[in-house]
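Engineer: Have a look at this one.
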Amino acid sequence: MLRDREGTEMPCILNKTTVRLITFLGLLFCGLFVCYGLRHGLFTSQEDLRTFVEGFGVWGGAAFVLFQAVQVVVPILPGGLGCLAGVLLFGPWWGFAWNYTGICLGSLAAFLLARRYGRPVLNLLFRRETIEKYELWTERHFARWFAAAIFFPVAPDDFLCWLAGTTRMSLKQFSTIILLGKPASIALYSLGLATVFQWLAGLLPG
């Protein structure tokens, strides 16, 4: 049980068992997809990979947006890998759009959950070392530090979204920073990692 800001115990779907289960299922799904992709040559031909995804129609994009949103709430993979997957699966423009939509939705969900349950939820999801390292940001000018971290990918964005929900930052201010700051970091991750991936894929035998 978690307590809200008034100290009242409230049921919450987020507990250690749920977090571990979501993480396990997410890693299992990613592992199975990688095995399938290697077996069918999806990672050596970007055209074959896109053809595979296009077979799912609109549901492919919707499923990816949901995955990215959940990925922010309960981190499964490093955020950069999710952005890379979006570009490889849907191309640079749609990949960016789905990445942006999913990450923004997940960021807002994390902020609202933290606003609801407060600091205890941070201890449930993140290492104490991470919390202690960045909670100093909350003491002074947190909004400035947060905006800089979101715009330049130099800090754990997902955790900071949770942390922001435990501060006095308003939902309007948080939303503005996320909506305006995320495009730059998503583009950097997406295009940069996609370039590296294509270079590495070119080294593999066809």
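If you're wondering about the labels, chains in the structure tokens are A, B, ... by order shown, residues count from 1 in each chain, ligands from 1 in order shown.
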Region 114-122 of chain A: which residues within 6 Å, counting only C-alpha atoms, same-chain residues fewer than 2 positions away excluded, as an NGL selection string?

Structural biologist: :A and (3-4 or 111-112 or 124-126 or 162 or 165-166)

Engineer: Just the selected residues (N, CA, C and O atoms), exported as a PDB file, in the first residue's frame, please.

Structural biologist:
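Below is the file result-v2.pdb, written as the result:
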```pdb
ATOM      1  N   ARG A   3       0.767   5.645   0.359  1.00  0.00           N
ATOM      2  CA  ARG A   3      -0.008   6.709   0.972  1.00  0.00           C
ATOM      3  C   ARG A   3      -0.005   7.917   0.062  1.00  0.00           C
ATOM      4  O   ARG A   3       0.999   8.218  -0.578  1.00  0.00           O
ATOM      5  N   ASP A   4      -1.151   8.599  -0.002  1.00  0.00           N
ATOM      6  CA  ASP A   4      -1.183   9.819  -0.790  1.00  0.00           C
ATOM      7  C   ASP A   4      -0.579  10.937   0.023  1.00  0.00           C
ATOM      8  O   ASP A   4      -0.055  10.740   1.116  1.00  0.00           O
ATOM      9  N   PHE A 111       4.623  11.804 -13.923  1.00  0.00           N
ATOM     10  CA  PHE A 111       4.471  13.012 -13.112  1.00  0.00           C
ATOM     11  C   PHE A 111       3.203  12.945 -12.264  1.00  0.00           C
ATOM     12  O   PHE A 111       3.234  13.234 -11.053  1.00  0.00           O
ATOM     13  N   LEU A 112       2.089  12.536 -12.864  1.00  0.00           N
ATOM     14  CA  LEU A 112       0.816  12.504 -12.149  1.00  0.00           C
ATOM     15  C   LEU A 112       0.797  11.415 -11.077  1.00  0.00           C
ATOM     16  O   LEU A 112       0.224  11.605  -9.992  1.00  0.00           O
ATOM     17  N   LEU A 124      10.232   2.829  -4.628  1.00  0.00           N
ATOM     18  CA  LEU A 124       9.745   1.582  -5.206  1.00  0.00           C
ATOM     19  C   LEU A 124      10.379   1.289  -6.554  1.00  0.00           C
ATOM     20  O   LEU A 124      10.646   0.136  -6.893  1.00  0.00           O
ATOM     21  N   LEU A 125      10.665   2.327  -7.315  1.00  0.00           N
ATOM     22  CA  LEU A 125      11.084   2.158  -8.706  1.00  0.00           C
ATOM     23  C   LEU A 125      12.563   2.393  -8.968  1.00  0.00           C
ATOM     24  O   LEU A 125      13.094   1.880  -9.954  1.00  0.00           O
ATOM     25  N   PHE A 126      13.216   3.177  -8.098  1.00  0.00           N
ATOM     26  CA  PHE A 126      14.575   3.603  -8.420  1.00  0.00           C
ATOM     27  C   PHE A 126      15.538   3.321  -7.271  1.00  0.00           C
ATOM     28  O   PHE A 126      15.132   3.203  -6.110  1.00  0.00           O
ATOM     29  N   TRP A 162       9.437  11.503 -12.686  1.00  0.00           N
ATOM     30  CA  TRP A 162       8.872  11.063 -11.410  1.00  0.00           C
ATOM     31  C   TRP A 162       9.230  12.055 -10.301  1.00  0.00           C
ATOM     32  O   TRP A 162       8.382  12.436  -9.495  1.00  0.00           O
ATOM     33  N   GLY A 165       7.221  15.222 -10.100  1.00  0.00           N
ATOM     34  CA  GLY A 165       5.897  15.083  -9.516  1.00  0.00           C
ATOM     35  C   GLY A 165       5.873  15.220  -8.005  1.00  0.00           C
ATOM     36  O   GLY A 165       4.802  15.432  -7.420  1.00  0.00           O
ATOM     37  N   THR A 166       7.034  15.108  -7.378  1.00  0.00           N
ATOM     38  CA  THR A 166       7.101  15.239  -5.922  1.00  0.00           C
ATOM     39  C   THR A 166       7.480  16.663  -5.502  1.00  0.00           C
ATOM     40  O   THR A 166       7.616  16.924  -4.310  1.00  0.00           O
TER      41      THR A 166
END
```

Engineer: May I ask for the distance between CA of Leu136 (chain A) and CA of Tyr100 (chain A), given in Å to one decimal place?

Structural biologist: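 Computing the Euclidean distance for CA of Leu136 (chain A) and CA of Tyr100 (chain A) yields 28.2 Å.
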
Engineer: Leaving out Ile186 (chain A) and any residue of its chain fewer than 3 positions from it, which residues lie within 8 Å of it when counting only C-alpha atoms, given as a list in words?

Structural biologist: Cys83, Phe96, Asn99, Tyr100, Lys182, Pro183, Tyr189 and Ser190 of chain A

Engineer: Hey, what's within 10 Å of Leu66 (chain A) if we count only C-alpha atoms and toss same-chain stuff fewer than 5 positions away? As a list in words, please?

Structural biologist: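 Near neighbours after the sequence-gap exclusion: Gly61, Gln71, Trp98, Asn99, Thr101, Gly102, Ile103, Leu105 and Gly106 of chain A.
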
Engineer: Could you list, as a compact mmCIF listing (two decimals) with N, CA, C and O atoms, in the first residue's frame, every residue within 12 Å of Glu47 (chain A), counting only C-alpha atoms and ignoring same-chain residues fewer than 6 positions away?

Structural biologist:
```txt
# COMPACT_ATOMS: atom_id res chain seq x y z
N GLY A 41 16.36 -12.17 -40.72
CA GLY A 41 17.15 -11.15 -41.39
C GLY A 41 16.58 -9.75 -41.32
O GLY A 41 16.89 -8.90 -42.16
N VAL A 53 6.78 -4.50 -40.13
CA VAL A 53 5.98 -3.64 -39.25
C VAL A 53 4.72 -3.16 -39.96
O VAL A 53 3.64 -3.09 -39.36
N GLU A 54 4.85 -2.82 -41.24
CA GLU A 54 3.69 -2.33 -42.00
C GLU A 54 2.58 -3.37 -42.08
O GLU A 54 1.41 -3.03 -42.27
N LEU A 88 13.95 2.80 -36.71
CA LEU A 88 14.18 1.62 -37.54
C LEU A 88 12.89 0.98 -38.00
O LEU A 88 12.78 0.48 -39.12
N LEU A 89 11.87 1.01 -37.11
CA LEU A 89 10.61 0.35 -37.42
C LEU A 89 9.71 1.19 -38.33
O LEU A 89 9.02 0.64 -39.19
N PHE A 90 9.72 2.51 -38.13
CA PHE A 90 8.75 3.35 -38.82
C PHE A 90 9.37 4.42 -39.71
O PHE A 90 8.64 5.21 -40.33
N GLY A 91 10.69 4.48 -39.77
CA GLY A 91 11.33 5.52 -40.55
C GLY A 91 11.55 6.78 -39.71
O GLY A 91 11.02 6.90 -38.60
```

Engineer: Do you have the CA of Phe64 (chain A)-CA of Gly86 (chain A) distance handy?

Structural biologist: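 Between these atoms lies a distance of 7.6 Å.
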
Engineer: Enter the distance from CA of Ala147 (chain A) to CA of Gln173 (chain A), in Å, rounded to one decimal.

Structural biologist: 9.9 Å

Engineer: Select from region 26-200 of chain A everything DSSP, run on the backbone, classes as alpha helix (DSSP H), then give the selection as an MDAnalysis selection string.

Structural biologist: chainID A and resid 26:39 46:54 58:73 79:117 120:125 128:134 142:151 157:164 171:200

Engineer: Applying 10 Å and only C-alpha atoms, which residues near Phe146 (chain A) remain after dropping the ones on its own chain fewer than 5 positions away? List them as an MDAnalysis selection string.

Structural biologist: chainID A and resid 137:138 141 151:152 155 157 160:161 163:164 174 177:178 181

Engineer: Give me the residues near Val73 (chain A) as a PDB file with N, CA and C atoms, in the first residue's frame, where near means some atom within 7 Å (using only C-alpha atoms) and where sequence neighbours in that chain fewer than 4 positions away do not count.

Structural biologist:
```
ATOM      1  N   ALA A  69       5.248   4.661 -23.774  1.00  0.00           N
ATOM      2  CA  ALA A  69       4.643   5.279 -22.598  1.00  0.00           C
ATOM      3  C   ALA A  69       4.899   4.437 -21.353  1.00  0.00           C
ATOM      4  N   GLY A 106       3.925   9.039 -21.485  1.00  0.00           N
ATOM      5  CA  GLY A 106       4.511   8.351 -20.343  1.00  0.00           C
ATOM      6  C   GLY A 106       5.064   9.312 -19.312  1.00  0.00           C
ATOM      7  N   ALA A 109       2.214  10.685 -17.337  1.00  0.00           N
ATOM      8  CA  ALA A 109       1.703   9.662 -16.423  1.00  0.00           C
ATOM      9  C   ALA A 109       2.602   9.521 -15.205  1.00  0.00           C
ATOM     10  N   ALA A 110       3.922   9.527 -15.421  1.00  0.00           N
ATOM     11  CA  ALA A 110       4.854   9.418 -14.305  1.00  0.00           C
ATOM     12  C   ALA A 110       4.721  10.612 -13.358  1.00  0.00           C
TER      13      ALA A 110
END
```
